Amino acid sequence: MSGSAPVPRRSGDRPHGRPTPPPPPASARFPDAPPTGTARKPASVVSDAAHPTHPSETTTRLRPVPGDGAPGDGAARPAAFVSFGQPEVYDDGAARFRAVGGRGRPRPRTLTAAACVVLGLGLIGGAVTGSWLTGDSATEAGSAGNFAAAAGLWHSVPVDRLFPPTVDGEGAGPGGADRTWTRIAVAPDSGCADAFDPLLRKALAPVGCLRLLRATYTDATRSHVTTVGLLFTKADAAAMTSLKNRFRKEGLDRRSDLMPRPYAAKDTVAADFGDAQRASWTVSVLTDVPVVVYAVSGFADGRTVTAAQPAAEAVRTGATTAPAQSGLGNEAKGLADRVERGLRKTATSASEKPS
């Protein structure tokens, strides 16, 4: 019947006189296919329009199989699979492409921000701590507890805590040499009437004079003598800060006409330590406690000094004056620094409330 599909024949049926169709032409991709007409299908292989067959394999090269893109097959798939690297995909959480699996993932910005915050806090904390250690007025003035407690130390603390019998000055001498000072006399607590020259007394007047404590020390060789004093004032933190700024701006702590006077104790190596024997000095106005710390040094043998020099200048490298060469600048500065440290430590202990 016209238009009907051909009936498939069983294996072994004769073709009833119909010619056997020739094999398909050689493929351009597989030039080793047998030439047209040189090979015939085996009698056992049956083919029709619906189920075409392929020529037999004659070489070791692989042939495409039906459904894998062979000529005459309706499939469009490639003859072989090709493996590629991992594809690039877009990550919605990133600003650029990255490889699958997280390779090249940028660090979260939150970690960077957190690190900056921690670093900033550390720098601020370090600055505050450094200000306390170096005596910065902004930090000192903020310690109200210490300031109030220190005002009464002159009568509530034993003298040995304010002026220890022996003071060690590690690295305080010329060239970083160690020093040891021994206390030889302590003056009775008193006012400030005769303790300072008129100009220095006038400069200190804005903060008042509550009480003055003094002690004189000698070095290990007993050739130098140094008087160190603690002037407890009547001022508040603001007045102390103002006085300190004035001393700094006007250089009042470097003027020889504003030198403190020594305490010359009788029957000691400092018996001849008078105004004419003053060789070097230092004056420090504190702002965390209402105290002015000072020290003045000279020779124990009573020799007169014609050119006194501030301790800050006498301790400089290369200084050639008599106070510098003899180390008297180091004596005044080193002893005053250590008494000042002890005062701060005592004030801190006094301000702490018992648990």
# chains A, B, ... in the order shown; residues from 1 in each chain; ligands from 1
>>> residues_around(residues="stretch 260-271 of chain A", least_positions_apart="5", cutoff="6 Å", atoms="only C-alpha atoms", output="list in words")
Ala195, Phe196, Thr227 and Ala300 of chain A
>>> write_last_selection(atoms="C-alpha atoms", output="PDB file, in the first residue's frame")
ATOM      1  CA  ALA A 195      63.461  78.642 102.374  1.00  0.00           C
ATOM      2  CA  PHE A 196      63.605  80.569  99.095  1.00  0.00           C
ATOM      3  CA  THR A 227      69.038  69.197  99.622  1.00  0.00           C
ATOM      4  CA  ALA A 300      80.683  69.054 100.667  1.00  0.00           C
TER       5      ALA A 300
END
>>> residues_around(residues="A:Thr346", least_positions_apart="2", cutoff="12 Å", atoms="only C-alpha atoms", output="list in words")
Asn146, Phe147, Ala149, Ala150, Ala151, Gly152, Leu153, Trp154, Ser156, Val157, Pro158, Val159, Asp160, Arg161, Leu162, Phe163, Val289, Val339, Glu340, Arg341, Gly342, Leu343, Arg344, Thr348, Ser349, Ala350, Ser351 and Glu352 of chain A
>>> closest_residue(among="A:Asp337, A:Asp168, A:Glu313, A:Asp219", to="A:Ser297", atoms="only C-alpha atoms")
A:Asp219
>>> residues_around(residues="A:Ala239", least_positions_apart="2", cutoff="12 Å", atoms="only C-alpha atoms", output="MDAnalysis selection string")
chainID A and resid 137 141 204:208 233:237 241:246 285:291
>>> select_by_dssp(residues="stretch 147-320 of chain A", states="strand (DSSP E)", output="count of residues only")
52
>>> atom_distance(atom1="atom CA of A:His224", atom2="atom CA of A:Gly274")
13.0 Å
>>> residues_around(residues="A:Gln277", least_positions_apart="3", cutoff="7 Å", atoms="only C-alpha atoms", output="PyMOL selection string")
chain A and resi 273-274+298-299+302-305
>>> select_by_dssp(residues="stretch 163-213 of chain A", states="helix (DSSP H, G or I)", output="VMD selection string")
chain A and resid 174 to 176 198 to 207
>>> residues_around(residues="A:Gly251", least_positions_apart="3", cutoff="12 Å", atoms="only C-alpha atoms", output="PyMOL selection string")
chain A and resi 203+243-248+254-258+282-284+310+312
>>> write_last_selection(atoms="all heavy atoms", output="CSV table (one decimal), in the first residue's frame")
chain,number,residue,atom,x,y,z
A,203,ALA,N,57.5,84.0,92.8
A,203,ALA,CA,57.0,83.2,91.7
A,203,ALA,C,56.1,82.1,92.2
A,203,ALA,O,55.1,81.7,91.5
A,203,ALA,CB,58.2,82.6,91.0
A,243,LEU,N,50.6,77.3,87.1
A,243,LEU,CA,52.0,77.6,87.5
A,243,LEU,C,53.0,76.8,86.7
A,243,LEU,O,54.1,77.4,86.3
A,243,LEU,CB,52.1,77.3,89.0
A,243,LEU,CG,53.5,77.6,89.6
A,243,LEU,CD1,53.8,79.1,89.6
A,243,LEU,CD2,53.6,77.1,91.1
A,244,LYS,N,52.7,75.6,86.5
A,244,LYS,CA,53.6,74.8,85.7
A,244,LYS,C,53.8,75.4,84.3
A,244,LYS,O,54.9,75.4,83.8
A,244,LYS,CB,53.1,73.3,85.6
A,244,LYS,CG,54.0,72.4,84.8
A,244,LYS,CD,53.6,71.0,84.9
A,244,LYS,CE,54.5,70.1,84.1
A,244,LYS,NZ,54.2,68.7,84.3
A,245,ASN,N,52.7,75.8,83.7
A,245,ASN,CA,52.8,76.4,82.3
A,245,ASN,C,53.6,77.7,82.3
A,245,ASN,O,54.4,77.9,81.4
A,245,ASN,CB,51.4,76.7,81.8
A,245,ASN,CG,50.6,75.4,81.5
A,245,ASN,OD1,51.2,74.3,81.3
A,245,ASN,ND2,49.3,75.5,81.5
A,246,ARG,N,53.5,78.4,83.4
A,246,ARG,CA,54.3,79.6,83.5
A,246,ARG,C,55.8,79.3,83.6
A,246,ARG,O,56.6,80.0,83.0
A,246,ARG,CB,53.8,80.5,84.7
A,246,ARG,CG,54.6,81.8,84.8
A,246,ARG,CD,54.3,82.6,86.0
A,246,ARG,NE,55.1,83.8,86.1
A,246,ARG,CZ,55.2,84.5,87.3
A,246,ARG,NH1,54.6,84.1,88.4
A,246,ARG,NH2,56.0,85.6,87.3
A,247,PHE,N,56.1,78.4,84.5
A,247,PHE,CA,57.5,78.0,84.6
A,247,PHE,C,58.1,77.5,83.3
A,247,PHE,O,59.2,77.8,82.9
A,247,PHE,CB,57.7,76.9,85.7
A,247,PHE,CG,58.0,77.4,87.1
A,247,PHE,CD1,57.1,78.1,87.8
A,247,PHE,CD2,59.3,77.2,87.6
A,247,PHE,CE1,57.4,78.6,89.1
A,247,PHE,CE2,59.6,77.7,88.9
A,247,PHE,CZ,58.7,78.4,89.6
A,248,ARG,N,57.3,76.8,82.6
A,248,ARG,CA,57.8,76.2,81.3
A,248,ARG,C,57.9,77.3,80.2
A,248,ARG,O,58.9,77.3,79.5
A,248,ARG,CB,56.8,75.2,80.8
A,248,ARG,CG,57.1,74.5,79.5
A,248,ARG,CD,56.0,73.5,79.1
A,248,ARG,NE,55.8,72.5,80.0
A,248,ARG,CZ,54.8,71.6,80.0
A,248,ARG,NH1,53.9,71.8,79.1
A,248,ARG,NH2,54.7,70.7,80.9
A,254,ARG,N,65.1,77.8,85.2
A,254,ARG,CA,66.5,77.8,84.7
A,254,ARG,C,67.2,79.1,85.1
A,254,ARG,O,68.4,79.3,84.8
A,254,ARG,CB,66.5,77.7,83.2
A,254,ARG,CG,66.0,76.4,82.7
A,254,ARG,CD,65.9,76.4,81.1
A,254,ARG,NE,65.3,75.1,80.7
A,254,ARG,CZ,66.0,74.0,80.3
A,254,ARG,NH1,67.3,74.1,80.4
A,254,ARG,NH2,65.4,72.9,79.9
A,255,ARG,N,66.5,79.9,85.8
A,255,ARG,CA,67.1,81.2,86.2
A,255,ARG,C,67.8,81.0,87.5
A,255,ARG,O,67.3,80.5,88.5
A,255,ARG,CB,66.0,82.3,86.4
A,255,ARG,CG,65.4,82.7,85.0
A,255,ARG,CD,64.3,83.7,85.2
A,255,ARG,NE,64.6,84.8,86.1
A,255,ARG,CZ,63.8,85.8,86.3
A,255,ARG,NH1,62.6,85.9,85.7
A,255,ARG,NH2,64.1,86.8,87.2
A,256,SER,N,69.1,81.5,87.6
A,256,SER,CA,69.9,81.3,88.8
A,256,SER,C,69.5,82.2,89.9
A,256,SER,O,69.8,81.9,91.1
A,256,SER,CB,71.4,81.7,88.4
A,256,SER,OG,71.5,83.0,87.9
A,257,ASP,N,68.7,83.2,89.6
A,257,ASP,CA,68.1,84.1,90.7
A,257,ASP,C,66.9,83.5,91.3
A,257,ASP,O,66.2,84.1,92.2
A,257,ASP,CB,67.9,85.5,90.2
A,257,ASP,CG,67.0,85.6,89.0
A,257,ASP,OD1,66.7,84.5,88.4
A,257,ASP,OD2,66.5,86.7,88.7
A,258,LEU,N,66.4,82.3,90.8
A,258,LEU,CA,65.3,81.6,91.4
A,258,LEU,C,65.7,80.2,91.9
A,258,LEU,O,64.9,79.3,92.0
A,258,LEU,CB,64.2,81.4,90.3
A,258,LEU,CG,63.6,82.7,89.7
A,258,LEU,CD1,62.6,82.4,88.6
A,258,LEU,CD2,62.9,83.5,90.8
A,282,THR,N,67.2,72.0,90.4
A,282,THR,CA,66.0,71.7,89.6
A,282,THR,C,64.7,72.0,90.4
A,282,THR,O,64.7,71.8,91.6
A,282,THR,CB,66.0,70.2,89.1
A,282,THR,OG1,64.8,69.9,88.3
A,282,THR,CG2,66.0,69.3,90.3
A,283,VAL,N,63.7,72.5,89.7
A,283,VAL,CA,62.4,72.8,90.3
A,283,VAL,C,61.3,72.2,89.4
A,283,VAL,O,61.3,72.4,88.2
A,283,VAL,CB,62.2,74.3,90.4
A,283,VAL,CG1,60.8,74.6,91.0
A,283,VAL,CG2,63.2,74.9,91.3
A,284,SER,N,60.4,71.4,90.0
A,284,SER,CA,59.4,70.7,89.2
A,284,SER,C,58.0,71.0,89.9
A,284,SER,O,57.8,70.6,91.0
A,284,SER,CB,59.7,69.2,89.2
A,284,SER,OG,58.7,68.5,88.5
A,310,PRO,N,71.7,75.1,85.7
A,310,PRO,CA,70.5,74.2,85.9
A,310,PRO,C,70.8,72.8,85.7
A,310,PRO,O,71.6,72.5,84.8
A,310,PRO,CB,69.5,74.8,84.9
A,310,PRO,CG,70.0,76.2,84.6
A,310,PRO,CD,71.4,76.1,84.7
A,312,ALA,N,69.1,70.5,84.2
A,312,ALA,CA,68.7,70.0,82.9
A,312,ALA,C,69.8,70.3,81.9
A,312,ALA,O,70.0,69.6,80.9
A,312,ALA,CB,67.4,70.7,82.5
>>> decode(residues="stretch 138-172 of chain A", atoms="N, CA and C atoms", output="PDB file, in the first residue's frame")
ATOM      1  N   ALA A 138      47.566  67.153  81.383  1.00  0.00           N
ATOM      2  CA  ALA A 138      46.176  66.833  81.103  1.00  0.00           C
ATOM      3  C   ALA A 138      45.737  65.576  81.848  1.00  0.00           C
ATOM      4  N   THR A 139      46.622  64.588  81.946  1.00  0.00           N
ATOM      5  CA  THR A 139      46.276  63.357  82.651  1.00  0.00           C
ATOM      6  C   THR A 139      46.420  63.524  84.148  1.00  0.00           C
ATOM      7  N   GLU A 140      47.457  64.225  84.570  1.00  0.00           N
ATOM      8  CA  GLU A 140      47.691  64.403  86.001  1.00  0.00           C
ATOM      9  C   GLU A 140      46.536  65.136  86.669  1.00  0.00           C
ATOM     10  N   ALA A 141      46.047  66.186  86.013  1.00  0.00           N
ATOM     11  CA  ALA A 141      45.000  67.005  86.602  1.00  0.00           C
ATOM     12  C   ALA A 141      43.697  66.229  86.750  1.00  0.00           C
ATOM     13  N   GLY A 142      43.543  65.135  85.977  1.00  0.00           N
ATOM     14  CA  GLY A 142      42.305  64.383  86.043  1.00  0.00           C
ATOM     15  C   GLY A 142      42.230  63.426  87.210  1.00  0.00           C
ATOM     16  N   SER A 143      43.322  63.217  87.950  1.00  0.00           N
ATOM     17  CA  SER A 143      43.320  62.281  89.069  1.00  0.00           C
ATOM     18  C   SER A 143      42.947  63.028  90.341  1.00  0.00           C
ATOM     19  N   ALA A 144      41.641  63.238  90.503  1.00  0.00           N
ATOM     20  CA  ALA A 144      41.174  64.012  91.653  1.00  0.00           C
ATOM     21  C   ALA A 144      41.418  63.294  92.965  1.00  0.00           C
ATOM     22  N   GLY A 145      41.304  61.951  92.945  1.00  0.00           N
ATOM     23  CA  GLY A 145      41.516  61.200  94.177  1.00  0.00           C
ATOM     24  C   GLY A 145      42.929  61.333  94.696  1.00  0.00           C
ATOM     25  N   ASN A 146      43.897  61.164  93.812  1.00  0.00           N
ATOM     26  CA  ASN A 146      45.293  61.309  94.215  1.00  0.00           C
ATOM     27  C   ASN A 146      45.594  62.722  94.684  1.00  0.00           C
ATOM     28  N   PHE A 147      45.038  63.686  93.978  1.00  0.00           N
ATOM     29  CA  PHE A 147      45.313  65.087  94.311  1.00  0.00           C
ATOM     30  C   PHE A 147      44.839  65.412  95.728  1.00  0.00           C
ATOM     31  N   ALA A 148      43.615  65.010  96.054  1.00  0.00           N
ATOM     32  CA  ALA A 148      43.073  65.309  97.384  1.00  0.00           C
ATOM     33  C   ALA A 148      43.832  64.554  98.472  1.00  0.00           C
ATOM     34  N   ALA A 149      44.197  63.289  98.185  1.00  0.00           N
ATOM     35  CA  ALA A 149      44.900  62.494  99.192  1.00  0.00           C
ATOM     36  C   ALA A 149      46.297  63.042  99.453  1.00  0.00           C
ATOM     37  N   ALA A 150      46.947  63.550  98.412  1.00  0.00           N
ATOM     38  CA  ALA A 150      48.320  64.023  98.569  1.00  0.00           C
ATOM     39  C   ALA A 150      48.419  65.289  99.398  1.00  0.00           C
ATOM     40  N   ALA A 151      47.349  66.051  99.486  1.00  0.00           N
ATOM     41  CA  ALA A 151      47.399  67.323 100.209  1.00  0.00           C
ATOM     42  C   ALA A 151      47.731  67.134 101.686  1.00  0.00           C
ATOM     43  N   GLY A 152      47.362  65.984 102.273  1.00  0.00           N
ATOM     44  CA  GLY A 152      47.630  65.780 103.696  1.00  0.00           C
ATOM     45  C   GLY A 152      48.776  64.836 103.983  1.00  0.00           C
ATOM     46  N   LEU A 153      49.562  64.497 102.982  1.00  0.00           N
ATOM     47  CA  LEU A 153      50.655  63.558 103.215  1.00  0.00           C
ATOM     48  C   LEU A 153      51.731  64.112 104.135  1.00  0.00           C
ATOM     49  N   TRP A 154      51.882  65.406 104.184  1.00  0.00           N
ATOM     50  CA  TRP A 154      52.978  65.998 104.944  1.00  0.00           C
ATOM     51  C   TRP A 154      52.871  65.684 106.443  1.00  0.00           C
ATOM     52  N   HIS A 155      51.632  65.442 106.940  1.00  0.00           N
ATOM     53  CA  HIS A 155      51.492  65.134 108.370  1.00  0.00           C
ATOM     54  C   HIS A 155      50.988  63.717 108.624  1.00  0.00           C
ATOM     55  N   SER A 156      50.575  62.971 107.580  1.00  0.00           N
ATOM     56  CA  SER A 156      50.026  61.628 107.792  1.00  0.00           C
ATOM     57  C   SER A 156      50.972  60.501 107.391  1.00  0.00           C
ATOM     58  N   VAL A 157      52.064  60.820 106.753  1.00  0.00           N
ATOM     59  CA  VAL A 157      52.989  59.794 106.272  1.00  0.00           C
ATOM     60  C   VAL A 157      54.324  59.926 107.011  1.00  0.00           C
ATOM     61  N   PRO A 158      54.921  58.827 107.456  1.00  0.00           N
ATOM     62  CA  PRO A 158      56.231  58.906 108.132  1.00  0.00           C
ATOM     63  C   PRO A 158      57.290  59.512 107.217  1.00  0.00           C
ATOM     64  N   VAL A 159      58.223  60.203 107.801  1.00  0.00           N
ATOM     65  CA  VAL A 159      59.244  60.889 107.028  1.00  0.00           C
ATOM     66  C   VAL A 159      60.094  59.924 106.216  1.00  0.00           C
ATOM     67  N   ASP A 160      60.253  58.703 106.722  1.00  0.00           N
ATOM     68  CA  ASP A 160      61.076  57.732 106.005  1.00  0.00           C
ATOM     69  C   ASP A 160      60.464  57.300 104.672  1.00  0.00           C
ATOM     70  N   ARG A 161      59.150  57.517 104.525  1.00  0.00           N
ATOM     71  CA  ARG A 161      58.530  57.187 103.244  1.00  0.00           C
ATOM     72  C   ARG A 161      58.677  58.333 102.251  1.00  0.00           C
ATOM     73  N   LEU A 162      58.681  59.553 102.765  1.00  0.00           N
ATOM     74  CA  LEU A 162      58.869  60.697 101.871  1.00  0.00           C
ATOM     75  C   LEU A 162      60.349  60.924 101.564  1.00  0.00           C
ATOM     76  N   PHE A 163      61.187  60.767 102.579  1.00  0.00           N
ATOM     77  CA  PHE A 163      62.643  60.904 102.421  1.00  0.00           C
ATOM     78  C   PHE A 163      63.309  59.634 102.949  1.00  0.00           C
ATOM     79  N   PRO A 164      63.434  58.598 102.144  1.00  0.00           N
ATOM     80  CA  PRO A 164      64.024  57.344 102.632  1.00  0.00           C
ATOM     81  C   PRO A 164      65.452  57.552 103.139  1.00  0.00           C
ATOM     82  N   PRO A 165      65.887  56.788 104.126  1.00  0.00           N
ATOM     83  CA  PRO A 165      67.264  56.917 104.635  1.00  0.00           C
ATOM     84  C   PRO A 165      68.308  56.674 103.554  1.00  0.00           C
ATOM     85  N   THR A 166      68.000  55.787 102.615  1.00  0.00           N
ATOM     86  CA  THR A 166      68.905  55.511 101.492  1.00  0.00           C
ATOM     87  C   THR A 166      68.095  55.501 100.206  1.00  0.00           C
ATOM     88  N   VAL A 167      68.624  56.167  99.205  1.00  0.00           N
ATOM     89  CA  VAL A 167      67.959  56.235  97.900  1.00  0.00           C
ATOM     90  C   VAL A 167      68.920  55.693  96.853  1.00  0.00           C
ATOM     91  N   ASP A 168      68.458  54.710  96.098  1.00  0.00           N
ATOM     92  CA  ASP A 168      69.268  54.140  95.023  1.00  0.00           C
ATOM     93  C   ASP A 168      68.972  54.860  93.717  1.00  0.00           C
ATOM     94  N   GLY A 169      70.047  55.244  93.053  1.00  0.00           N
ATOM     95  CA  GLY A 169      69.911  55.934  91.768  1.00  0.00           C
ATOM     96  C   GLY A 169      70.560  55.136  90.655  1.00  0.00           C
ATOM     97  N   GLU A 170      69.916  54.059  90.233  1.00  0.00           N
ATOM     98  CA  GLU A 170      70.475  53.228  89.175  1.00  0.00           C
ATOM     99  C   GLU A 170      70.521  54.013  87.862  1.00  0.00           C
ATOM    100  N   GLY A 171      71.716  54.150  87.318  1.00  0.00           N
ATOM    101  CA  GLY A 171      71.897  54.869  86.063  1.00  0.00           C
ATOM    102  C   GLY A 171      71.753  56.369  86.181  1.00  0.00           C
ATOM    103  N   ALA A 172      71.725  56.926  87.382  1.00  0.00           N
ATOM    104  CA  ALA A 172      71.481  58.357  87.563  1.00  0.00           C
ATOM    105  C   ALA A 172      72.741  59.205  87.467  1.00  0.00           C
TER     106      ALA A 172
END
